[in-house]
Structure formats: C-alpha cells, structure tokens
$ cat start_30.txt   # compact mmCIF, C-alpha atoms
# COMPACT_ATOMS: atom_id res chain seq x y z
CA GLN A 1 0.00 0.00 0.00
CA VAL A 2 1.42 3.34 -1.07
CA GLN A 3 1.16 6.28 1.28
CA LEU A 4 1.56 9.94 0.45
CA VAL A 5 1.83 12.43 3.29
CA GLU A 6 1.62 16.17 2.68
CA SER A 7 2.87 18.79 5.09
CA GLY A 8 3.90 22.42 5.18
CA GLY A 9 0.60 24.20 4.82
CA GLY A 10 -0.44 27.10 6.98
CA LEU A 11 -1.63 30.67 7.14
CA VAL A 12 0.41 33.27 5.31
CA GLN A 13 -0.11 36.85 4.19
CA ALA A 14 -0.41 37.73 0.53
CA GLY A 15 3.03 37.97 -1.01
CA GLY A 16 4.44 35.39 1.35
CA SER A 17 5.86 31.94 0.71
CA LEU A 18 5.29 28.37 1.78
CA ARG A 19 6.93 25.10 0.89
CA LEU A 20 4.76 22.02 0.80
CA SER A 21 6.18 18.52 1.05
CA CYS A 22 4.80 15.23 -0.22
CA ALA A 23 6.55 12.25 1.32
CA ALA A 24 6.00 8.92 -0.42
CA SER A 25 6.34 5.50 1.15
CA ARG A 26 8.24 4.21 -1.84
CA ASN A 27 10.75 5.30 -4.46
CA ILE A 28 9.13 8.21 -6.27
CA PHE A 29 10.70 7.16 -9.57
CA LEU A 30 8.43 4.12 -9.54
CA PHE A 31 5.55 6.48 -10.30
CA ASN A 32 5.17 7.88 -13.77
CA ALA A 33 4.64 11.28 -12.25
CA ILE A 34 3.61 13.05 -9.09
CA GLY A 35 1.13 15.85 -9.25
CA TRP A 36 0.12 18.65 -6.92
CA TYR A 37 -3.58 19.47 -6.90
CA ARG A 38 -5.66 21.93 -4.96
CA GLN A 39 -9.30 22.32 -4.12
CA ALA A 40 -10.92 25.46 -2.83
CA PRO A 41 -14.33 25.39 -1.13
CA GLY A 42 -17.09 25.07 -3.70
CA LYS A 43 -14.66 24.49 -6.54
CA GLN A 44 -13.39 21.47 -8.41
CA ARG A 45 -10.02 20.00 -7.69
CA GLU A 46 -7.47 21.37 -10.12
CA LEU A 47 -3.99 20.38 -11.18
CA VAL A 48 -1.38 22.85 -10.01
CA ALA A 49 1.83 21.19 -11.16
CA ARG A 50 3.04 17.82 -12.32
CA ILE A 51 6.55 16.44 -12.22
CA PRO A 52 7.14 13.32 -14.28
CA SER A 53 9.84 10.82 -13.44
CA PHE A 54 11.42 11.77 -16.74
CA GLY A 55 10.56 14.85 -18.72
CA THR A 56 9.42 18.37 -18.19
CA THR A 57 7.51 19.64 -15.20
CA THR A 58 4.31 21.43 -16.09
CA TYR A 59 2.39 24.12 -14.23
CA ALA A 60 -1.07 25.61 -14.32
CA ASP A 61 -1.08 29.05 -15.91
CA SER A 62 -2.29 30.56 -12.67
CA VAL A 63 0.90 29.55 -10.81
CA LYS A 64 3.57 29.79 -13.50
CA GLY A 65 6.48 31.90 -12.35
CA ARG A 66 5.41 31.67 -8.70
CA PHE A 67 5.39 27.94 -7.88
CA THR A 68 8.23 25.49 -8.37
CA VAL A 69 8.23 21.72 -7.99
CA SER A 70 11.36 19.86 -6.94
CA ARG A 71 12.20 16.46 -5.51
CA ASP A 72 14.63 14.78 -3.17
CA ILE A 73 15.04 11.25 -4.38
CA ALA A 74 16.88 10.09 -1.28
CA LYS A 75 13.94 11.21 0.86
CA ASN A 76 11.23 10.05 -1.58
CA THR A 77 9.81 13.54 -1.27
CA VAL A 78 8.41 16.03 -3.74
CA TYR A 79 8.19 19.70 -2.83
CA LEU A 80 6.02 22.56 -3.98
CA GLN A 81 7.67 25.91 -3.36
CA MET A 82 5.03 28.62 -3.48
CA ASN A 83 6.13 32.25 -3.69
CA ASN A 84 4.21 35.48 -4.01
CA LEU A 85 1.10 33.80 -2.70
CA LYS A 86 -2.28 35.33 -3.44
CA PRO A 87 -5.62 34.98 -1.64
CA GLU A 88 -6.90 32.96 -4.59
CA ASP A 89 -4.26 30.32 -3.82
CA THR A 90 -6.20 29.46 -0.67
CA ALA A 91 -7.15 25.79 -0.90
CA MET A 92 -6.48 22.31 0.34
CA TYR A 93 -3.41 21.03 -1.46
CA TYR A 94 -2.99 17.35 -2.31
CA CYS A 95 -0.31 15.28 -3.93
CA ASN A 96 -1.25 12.52 -6.30
CA ALA A 97 0.63 9.57 -7.74
CA PRO A 98 -1.07 7.40 -10.32
CA GLN A 99 0.21 3.88 -10.68
CA GLY A 100 -1.53 1.77 -13.25
CA ALA A 101 -5.24 1.72 -12.52
CA VAL A 102 -4.77 3.08 -9.01
CA ASN A 103 -4.66 6.75 -8.10
CA TYR A 104 -2.92 7.43 -4.80
CA TRP A 105 -3.75 10.60 -2.87
CA GLY A 106 -2.45 12.15 0.29
CA GLN A 107 -4.68 13.54 3.00
CA GLY A 108 -4.02 17.13 2.00
CA THR A 109 -2.56 20.19 3.67
CA GLN A 110 -4.43 23.47 4.03
CA VAL A 111 -3.00 26.68 2.64
CA THR A 112 -4.70 29.93 3.59
CA VAL A 113 -3.53 33.24 2.19
CA SER A 114 -4.82 36.38 3.85
CA SER A 115 -5.12 39.67 2.01

$ encode --input "start_30.txt" --output "structure tokens"
Amino acid sequence: QVQLVESGGGLVQAGGSLRLSCAASRNIFLFNAIGWYRQAPGKQRELVARIPSFGTTTYADSVKGRFTVSRDIAKNTVYLQMNNLKPEDTAMYYCNAPQGAVNYWGQGTQVTVSS
C-alpha cells in the first residue's frame, strides 16, 4: 500500500511563501509522475503542477512563475515551493501519484492566504 503524506501548509499573508512537502512511502521514480492538486471550497479539484519521473515539469497558468516543484530522491519527497502567494491560492493542497489503474492521494494540507 502506497502512502503519500503532505505537510507544510499554513496561514500566510499575501506575497508570502510556503513550501509544501509530499513524502511517499516508496521510491518516487516508480511512479510515472507526481502531481500537486488543490481544491478550494465550492470548486473542483485542479492540477497545479506535475513532475514526471522523466521529462518536463508542467504548471497551471495561474501559478507559473510563482510555484516550483522539486524532488529529493533520497527522501522520496516532492516539494512545492510557493512564492508570491495570493488569496486565490487558498485551498487544500494534495499530492497525487497514479500507478496503473490506481490513483494514490495524500490527506491534503491546508493553505490559507490572507489579504
């Protein structure tokens, strides 16, 4: 059973920064990709960024230039560095790792950006 554990969320003022972590219970290269998603109240879950095991990381237009995904292979951890945060970034953030027919999700970490 694969486990993904997010951490690093919190309350921050607009313009501030947070770094989210997604710790996997297995080698992250065994997944085709790991994605960061977010869901705000009353809205659908949306893809924020996706880092494949091989290839180019992609970002939603709304976060390009502000968010950066990185990984530490030794720690089986993927990070989401979020800079210049805006109130509209307020959401529950989840990491996701599809593997075959199974979609693994973490429990989420709340990010709240005050204006």

$ residues_around --input "start_30.txt" --residues "Glu88 in chain A" --least-positions-apart "5" --cutoff "12 Å" --atoms "all atoms listed in the file" --output "PyMOL selection string"
chain A and resi 13-15+38-41+43+62-63+111-115

$ atom_distance --input "start_30.txt" --atom1 "CA of Ser25 in chain A" --atom2 "CA of Thr77 in chain A"
9.1 Å

$ residues_around --input "start_30.txt" --residues "Ser70 in chain A" --least-positions-apart "4" --cutoff "7 Å" --atoms "all atoms listed in the file" --output "PyMOL selection string"
chain A and resi 78-80

$ residues_around --input "start_30.txt" --residues "Phe54 in chain A" --least-positions-apart "2" --cutoff "9 Å" --atoms "all atoms listed in the file" --output "MDAnalysis selection string"
chainID A and resid 29 32:33 51:52 56:57

$ residues_around --input "start_30.txt" --residues "Ser17 in chain A" --least-positions-apart "4" --cutoff "7 Å" --atoms "only C-alpha atoms" --output "list of chain:residue names"
A:Met82, A:Asn83, A:Asn84, A:Leu85

$ closest_residue --input "start_30.txt" --among "A:Thr58, A:Gln81, A:Gln44, A:Asn76" --to "Leu30 in chain A" --atoms "all atoms listed in the file"
A:Asn76

$ closest_residue --input "start_30.txt" --among "A:Thr109, A:Arg71, A:Ala101, A:Gly8" --to "Asn27 in chain A" --atoms "all atoms listed in the file"
A:Arg71

$ closest_residue --input "start_30.txt" --among "A:Cys95, A:Val102, A:Ile73, A:Tyr59" --to "Tyr37 in chain A" --atoms "only C-alpha atoms"
A:Cys95

$ closest_residue --input "start_30.txt" --among "A:Val12, A:Val2, A:Leu18, A:Ala24" --to "Asp72 in chain A" --atoms "only C-alpha atoms"
A:Ala24

$ decode --input "start_30.txt" --residues "range 50-61 of chain A" --atoms "all heavy atoms" --output "PDB file, in the first residue's frame"
ATOM      1  N   ARG A  50       2.822  19.254 -12.153  1.00  0.00           N
ATOM      2  CA  ARG A  50       3.044  17.823 -12.324  1.00  0.00           C
ATOM      3  C   ARG A  50       4.500  17.612 -12.699  1.00  0.00           C
ATOM      4  O   ARG A  50       4.999  18.230 -13.650  1.00  0.00           O
ATOM      5  CB  ARG A  50       2.121  17.283 -13.414  1.00  0.00           C
ATOM      6  CG  ARG A  50       2.252  15.801 -13.707  1.00  0.00           C
ATOM      7  CD  ARG A  50       1.268  15.402 -14.792  1.00  0.00           C
ATOM      8  NE  ARG A  50       1.359  13.989 -15.132  1.00  0.00           N
ATOM      9  CZ  ARG A  50       2.191  13.496 -16.034  1.00  0.00           C
ATOM     10  NH1 ARG A  50       3.005  14.296 -16.711  1.00  0.00           N
ATOM     11  NH2 ARG A  50       2.214  12.207 -16.288  1.00  0.00           N
ATOM     12  N   ILE A  51       5.153  16.743 -11.932  1.00  0.00           N
ATOM     13  CA  ILE A  51       6.554  16.445 -12.219  1.00  0.00           C
ATOM     14  C   ILE A  51       6.649  14.981 -12.606  1.00  0.00           C
ATOM     15  O   ILE A  51       6.375  14.082 -11.801  1.00  0.00           O
ATOM     16  CB  ILE A  51       7.469  16.794 -11.019  1.00  0.00           C
ATOM     17  CG1 ILE A  51       8.930  16.491 -11.357  1.00  0.00           C
ATOM     18  CG2 ILE A  51       7.030  16.095  -9.741  1.00  0.00           C
ATOM     19  CD1 ILE A  51       9.910  17.077 -10.351  1.00  0.00           C
ATOM     20  N   PRO A  52       7.005  14.703 -13.855  1.00  0.00           N
ATOM     21  CA  PRO A  52       7.142  13.318 -14.278  1.00  0.00           C
ATOM     22  C   PRO A  52       8.480  12.751 -13.808  1.00  0.00           C
ATOM     23  O   PRO A  52       9.401  13.505 -13.477  1.00  0.00           O
ATOM     24  CB  PRO A  52       7.089  13.421 -15.801  1.00  0.00           C
ATOM     25  CG  PRO A  52       7.626  14.776 -16.105  1.00  0.00           C
ATOM     26  CD  PRO A  52       7.250  15.655 -14.953  1.00  0.00           C
ATOM     27  N   SER A  53       8.558  11.432 -13.798  1.00  0.00           N
ATOM     28  CA  SER A  53       9.838  10.820 -13.443  1.00  0.00           C
ATOM     29  C   SER A  53      10.911  11.218 -14.451  1.00  0.00           C
ATOM     30  O   SER A  53      12.066  11.437 -14.092  1.00  0.00           O
ATOM     31  CB  SER A  53       9.687   9.311 -13.380  1.00  0.00           C
ATOM     32  OG  SER A  53       8.861   8.954 -12.291  1.00  0.00           O
ATOM     33  N   PHE A  54      10.509  11.314 -15.692  1.00  0.00           N
ATOM     34  CA  PHE A  54      11.416  11.769 -16.742  1.00  0.00           C
ATOM     35  C   PHE A  54      10.648  12.743 -17.618  1.00  0.00           C
ATOM     36  O   PHE A  54       9.554  12.466 -18.039  1.00  0.00           O
ATOM     37  CB  PHE A  54      11.930  10.586 -17.560  1.00  0.00           C
ATOM     38  CG  PHE A  54      12.638   9.557 -16.728  1.00  0.00           C
ATOM     39  CD1 PHE A  54      11.964   8.440 -16.263  1.00  0.00           C
ATOM     40  CD2 PHE A  54      13.966   9.729 -16.387  1.00  0.00           C
ATOM     41  CE1 PHE A  54      12.603   7.504 -15.481  1.00  0.00           C
ATOM     42  CE2 PHE A  54      14.618   8.790 -15.600  1.00  0.00           C
ATOM     43  CZ  PHE A  54      13.934   7.672 -15.145  1.00  0.00           C
ATOM     44  N   GLY A  55      11.237  13.881 -17.882  1.00  0.00           N
ATOM     45  CA  GLY A  55      10.561  14.852 -18.724  1.00  0.00           C
ATOM     46  C   GLY A  55      10.411  16.187 -18.040  1.00  0.00           C
ATOM     47  O   GLY A  55      11.047  16.473 -17.020  1.00  0.00           O
ATOM     48  N   THR A  56       9.556  16.979 -18.612  1.00  0.00           N
ATOM     49  CA  THR A  56       9.423  18.374 -18.186  1.00  0.00           C
ATOM     50  C   THR A  56       8.282  18.549 -17.184  1.00  0.00           C
ATOM     51  O   THR A  56       7.180  18.030 -17.388  1.00  0.00           O
ATOM     52  CB  THR A  56       9.153  19.252 -19.415  1.00  0.00           C
ATOM     53  OG1 THR A  56      10.209  19.074 -20.358  1.00  0.00           O
ATOM     54  CG2 THR A  56       9.096  20.732 -19.014  1.00  0.00           C
ATOM     55  N   THR A  57       8.550  19.288 -16.160  1.00  0.00           N
ATOM     56  CA  THR A  57       7.514  19.642 -15.199  1.00  0.00           C
ATOM     57  C   THR A  57       6.569  20.661 -15.820  1.00  0.00           C
ATOM     58  O   THR A  57       7.011  21.579 -16.533  1.00  0.00           O
ATOM     59  CB  THR A  57       8.146  20.227 -13.933  1.00  0.00           C
ATOM     60  OG1 THR A  57       9.023  19.247 -13.362  1.00  0.00           O
ATOM     61  CG2 THR A  57       7.084  20.598 -12.906  1.00  0.00           C
ATOM     62  N   THR A  58       5.301  20.498 -15.566  1.00  0.00           N
ATOM     63  CA  THR A  58       4.306  21.429 -16.095  1.00  0.00           C
ATOM     64  C   THR A  58       3.557  22.112 -14.953  1.00  0.00           C
ATOM     65  O   THR A  58       3.425  21.548 -13.853  1.00  0.00           O
ATOM     66  CB  THR A  58       3.308  20.711 -17.011  1.00  0.00           C
ATOM     67  OG1 THR A  58       2.710  19.624 -16.302  1.00  0.00           O
ATOM     68  CG2 THR A  58       4.003  20.164 -18.248  1.00  0.00           C
ATOM     69  N   TYR A  59       3.082  23.310 -15.234  1.00  0.00           N
ATOM     70  CA  TYR A  59       2.393  24.121 -14.232  1.00  0.00           C
ATOM     71  C   TYR A  59       1.101  24.692 -14.805  1.00  0.00           C
ATOM     72  O   TYR A  59       1.016  24.978 -16.006  1.00  0.00           O
ATOM     73  CB  TYR A  59       3.279  25.294 -13.797  1.00  0.00           C
ATOM     74  CG  TYR A  59       4.582  24.890 -13.154  1.00  0.00           C
ATOM     75  CD1 TYR A  59       5.733  24.688 -13.912  1.00  0.00           C
ATOM     76  CD2 TYR A  59       4.661  24.702 -11.768  1.00  0.00           C
ATOM     77  CE1 TYR A  59       6.925  24.298 -13.324  1.00  0.00           C
ATOM     78  CE2 TYR A  59       5.853  24.329 -11.174  1.00  0.00           C
ATOM     79  CZ  TYR A  59       6.980  24.132 -11.954  1.00  0.00           C
ATOM     80  OH  TYR A  59       8.166  23.753 -11.361  1.00  0.00           O
ATOM     81  N   ALA A  60       0.132  24.876 -13.929  1.00  0.00           N
ATOM     82  CA  ALA A  60      -1.066  25.605 -14.324  1.00  0.00           C
ATOM     83  C   ALA A  60      -0.684  27.053 -14.616  1.00  0.00           C
ATOM     84  O   ALA A  60       0.229  27.599 -13.983  1.00  0.00           O
ATOM     85  CB  ALA A  60      -2.097  25.553 -13.207  1.00  0.00           C
ATOM     86  N   ASP A  61      -1.381  27.658 -15.550  1.00  0.00           N
ATOM     87  CA  ASP A  61      -1.077  29.047 -15.914  1.00  0.00           C
ATOM     88  C   ASP A  61      -1.150  29.982 -14.707  1.00  0.00           C
ATOM     89  O   ASP A  61      -0.395  30.943 -14.604  1.00  0.00           O
ATOM     90  CB  ASP A  61      -2.040  29.529 -17.008  1.00  0.00           C
ATOM     91  CG  ASP A  61      -1.762  28.897 -18.357  1.00  0.00           C
ATOM     92  OD1 ASP A  61      -0.651  28.362 -18.548  1.00  0.00           O
ATOM     93  OD2 ASP A  61      -2.664  28.936 -19.216  1.00  0.00           O
TER      94      ASP A  61
END
